[in-house]
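*Asks:* Sending over a structure as structure tokens; questions will come in a sec.
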Amino acid sequence: MLKFKTFTGGPYETNCFLVEAPRGNILFDAPEGAEEHFRGEKIDLLVLTHGHWDHTADAAAVQRRHGCRVLCHLDAVPMVSEQDFFERQGFPLQVEPVVPDGLLAEGRGQDLLGLPTDVLDLPGHCPGSLCFYLPDQSSLIGGDVLFRGGIGRWDLPGGNGEILLQGIREKILPLPGETMVLPGHGPATTVAEEKAGNPFLRV
């Protein structure tokens with residue numbers, strides 16, 4: 001079974017997950033406080049589910065401490081690499097920029113440090129939003145796409161509720177019902193639970 005450690009940090013209580021892969025440790029997202037929390041761990045790869053600042057606040061610090069590679073979607077690059085990106089969008093904040101070492105795109109069976117991963121392109125919350133399905137572990141690193149009883153907001157720049165819902169229905173709900181969803185905020189859930197009770201997914 002998947003070995004992972006969870007940390008929740010920053011003002012929006014953002015989750016991140018440190019996963020033990022066959023060839024090293026992968027940190028999915030880096031909210032404020034993650035660098036300090038995982039100070040005693042070795043991080044070999046940092047993967048960003050999307051570029052919103054609450055998920056990337058400590059990305060540069062994590063990369064600096066561990067010398068790890070940073071991966072994200074092409075459309076997330078401006079959000080994480082341009083210090084004034086969010087200021088230009090009207091938000092009074094800056095995040096230390098980080099330059100990704102590589103890009104991720106949708107595809108099945110991708111190798112993340114020996115961990116077989118299906119990368120799912122799921123925009124709608126924001127451009128460049130990704131989910132990571134780990135079929136051998138029946139787990140989905142979900143970012144801000146699907147929550148227990150909710151879905152990601154779509155009222156921020158680049159958001160689109162129709163695209164978000166379409167992506168969830170076409171790419172997440174067909175996964176096995178027992179798939180554990182590890183979201184960017186709040187408690188874990190399963191695909192079956194959300195199929196049955198998520199009010200946003202009722203037809």
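For the structure tokens, the naming scheme is as follows: chains receive sequential letters (A, B, ...) according to their order of presentation, residues are indexed from 1 within each chain, and ligands are indexed from 1 in presentation order.
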Find the residues of stretch 11-55 of chain A that sit at most 10 Å from stretch 99-112 of chain A; for each, write down the nearest two atoms and how far apart they are in Å, to one decimal. Count only C-alpha atoms. Sort by chain, then by number going up, and give it as CSV.
*Replies:*
```
residue,atom,partner,partner_atom,distance
A:Ala21,CA,A:Leu112,CA,7.7
A:Pro22,CA,A:Leu112,CA,9.1
A:Arg23,CA,A:Leu112,CA,8.6
A:Gly24,CA,A:Leu112,CA,9.3
A:Asn25,CA,A:Leu112,CA,9.7
A:Ile26,CA,A:Leu112,CA,8.1
A:Leu45,CA,A:Leu112,CA,8.4
A:Leu46,CA,A:Pro100,CA,9.4
A:Val47,CA,A:Leu104,CA,9.1
A:Leu48,CA,A:Pro100,CA,9.5
A:Thr49,CA,A:Leu104,CA,9.9
```
*Asks:* Go through stretch 37-135 of chain A residue by residue and, counting only C-alpha atoms, keep those with an atom at most 9 Å from stretch 155-158 of chain A; for each kept residue give the shortest atom pair and its distance in Å to one decimal, ordered by chain and increasing number, as a tab-separated table.
*Replies:*
```
residue	atom	partner	partner_atom	distance
A:Gln89	CA	A:Pro157	CA	7.4
A:Pro123	CA	A:Gly158	CA	8.8
A:Gly124	CA	A:Gly158	CA	7.3
A:His125	CA	A:Gly158	CA	7.5
A:Cys126	CA	A:Gly158	CA	5.2
A:Pro127	CA	A:Gly158	CA	6.0
```
*Asks:* Next, dump the selected residues to file, keeping only N, CA and C atoms, as a PDB file, in the first residue's frame.
*Replies:*
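Printed below is selection-v5.pdb as written:
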```pdb
ATOM      1  N   GLN A  89      -3.138  39.956 -11.323  1.00  0.00           N
ATOM      2  CA  GLN A  89      -4.520  39.479 -11.348  1.00  0.00           C
ATOM      3  C   GLN A  89      -5.386  40.185 -10.304  1.00  0.00           C
ATOM      4  N   PRO A 123      -8.555  20.957 -16.076  1.00  0.00           N
ATOM      5  CA  PRO A 123      -8.723  22.397 -15.871  1.00  0.00           C
ATOM      6  C   PRO A 123     -10.150  22.703 -15.421  1.00  0.00           C
ATOM      7  N   GLY A 124     -10.386  23.960 -15.176  1.00  0.00           N
ATOM      8  CA  GLY A 124     -11.707  24.401 -14.715  1.00  0.00           C
ATOM      9  C   GLY A 124     -11.596  25.130 -13.402  1.00  0.00           C
ATOM     10  N   HIS A 125     -10.819  24.560 -12.464  1.00  0.00           N
ATOM     11  CA  HIS A 125     -10.465  25.318 -11.258  1.00  0.00           C
ATOM     12  C   HIS A 125      -9.492  26.409 -11.650  1.00  0.00           C
ATOM     13  N   CYS A 126      -8.522  26.037 -12.456  1.00  0.00           N
ATOM     14  CA  CYS A 126      -7.598  27.006 -13.059  1.00  0.00           C
ATOM     15  C   CYS A 126      -6.882  26.307 -14.201  1.00  0.00           C
ATOM     16  N   PRO A 127      -6.276  27.050 -15.114  1.00  0.00           N
ATOM     17  CA  PRO A 127      -5.492  26.415 -16.170  1.00  0.00           C
ATOM     18  C   PRO A 127      -4.326  25.630 -15.568  1.00  0.00           C
TER      19      PRO A 127
END
```
*Asks:* Using only C-alpha atoms, which residues of stretch 172-200 of chain A come within 6 Å of stretch 140-153 of chain A, and what is the closest atom pair for each, with the distance in Å to one decimal? Give it as a tab-separated table, sorted by chain and residue number.
*Replies:*
```
residue	atom	partner	partner_atom	distance
A:Val181	CA	A:Leu140	CA	4.8
A:Leu182	CA	A:Ile141	CA	5.0
A:Pro183	CA	A:Gly142	CA	4.7
A:Gly184	CA	A:Gly143	CA	4.4
A:Thr189	CA	A:Arg148	CA	5.6
A:Asn198	CA	A:Gly149	CA	4.5
```
*Asks:* Just write the chosen residues, C-alpha atoms, as a short mmCIF file (atom, residue, chain, number, x, y, z; two decimals), in the first residue's frame.
*Replies:*
```cif
data_model
loop_
_atom_site.label_atom_id
_atom_site.label_comp_id
_atom_site.auth_asym_id
_atom_site.auth_seq_id
_atom_site.Cartn_x
_atom_site.Cartn_y
_atom_site.Cartn_z
CA VAL A 181 -9.25 10.82 -3.20
CA LEU A 182 -6.60 12.89 -1.40
CA PRO A 183 -7.75 16.48 -1.99
CA GLY A 184 -5.97 19.79 -1.71
CA THR A 189 -12.93 10.70 0.45
CA ASN A 198 -21.72 15.01 -3.77
#
```
*Asks:* Give me the residues within 12 Å of A:Asp136 as a PyMOL selection string, counting only C-alpha atoms and dropping any in the same chain fewer than 2 places off.
*Replies:* chain A and resi 1-2+21+109+114-118+133-134+138-140+176+179-180
*Asks:* Please dump the current selection as a PDB file, in the first residue's frame; keep C-alpha atoms.
*Replies:*
```pdb
ATOM      1  CA  MET A   1       0.000   0.000   0.000  1.00  0.00           C
ATOM      2  CA  LEU A   2       0.988   3.599  -0.574  1.00  0.00           C
ATOM      3  CA  ALA A  21       8.051   5.971  -4.351  1.00  0.00           C
ATOM      4  CA  GLY A 109       1.425   4.913 -17.081  1.00  0.00           C
ATOM      5  CA  GLY A 114       9.217   4.341 -10.252  1.00  0.00           C
ATOM      6  CA  LEU A 115       5.627   5.057  -9.225  1.00  0.00           C
ATOM      7  CA  PRO A 116       3.221   4.217 -12.101  1.00  0.00           C
ATOM      8  CA  THR A 117       0.993   7.272 -12.464  1.00  0.00           C
ATOM      9  CA  ASP A 118      -1.873   8.277 -14.723  1.00  0.00           C
ATOM     10  CA  TYR A 133      -4.128   8.558 -10.269  1.00  0.00           C
ATOM     11  CA  LEU A 134      -1.965   5.844  -8.743  1.00  0.00           C
ATOM     12  CA  SER A 138      -6.109   2.899  -5.659  1.00  0.00           C
ATOM     13  CA  SER A 139      -5.400   6.553  -4.827  1.00  0.00           C
ATOM     14  CA  LEU A 140      -5.887   9.907  -6.514  1.00  0.00           C
ATOM     15  CA  PRO A 176     -12.936   2.378  -9.307  1.00  0.00           C
ATOM     16  CA  THR A 179     -10.267   4.901  -5.136  1.00  0.00           C
ATOM     17  CA  MET A 180      -9.165   7.130  -2.263  1.00  0.00           C
TER      18      MET A 180
END
```
*Asks:* Do you know which residues are at most 7 Å from A:His185 counting only C-alpha atoms, after dropping those on the same chain fewer than 5 positions away, and could you put them as JSON, numbers by chain?
*Replies:* {"A": [13, 14, 15]}
*Asks:* Let me make sure I understand: among A:Phe91, A:Gly10, A:Leu71, A:Glu178, which one has the smallest atom-to-atom distance to A:Gln137 if we use only C-alpha atoms?
*Replies:* A:Glu178
*Asks:* So the first atom is atom CA of A:Glu162 and the second is atom CA of A:Ser129; what is the distance between them in Å, to one decimal place?
*Replies:* 14.6 Å
*Asks:* Would you mind writing down, as a ChimeraX atom specification, each residue of chain A that DSSP on the backbone assigns to helix (DSSP H, G or I)?
*Replies:* /A:34-37,53-56,59-66,74-81,85-88,135-137,161-172,191-197,199-201
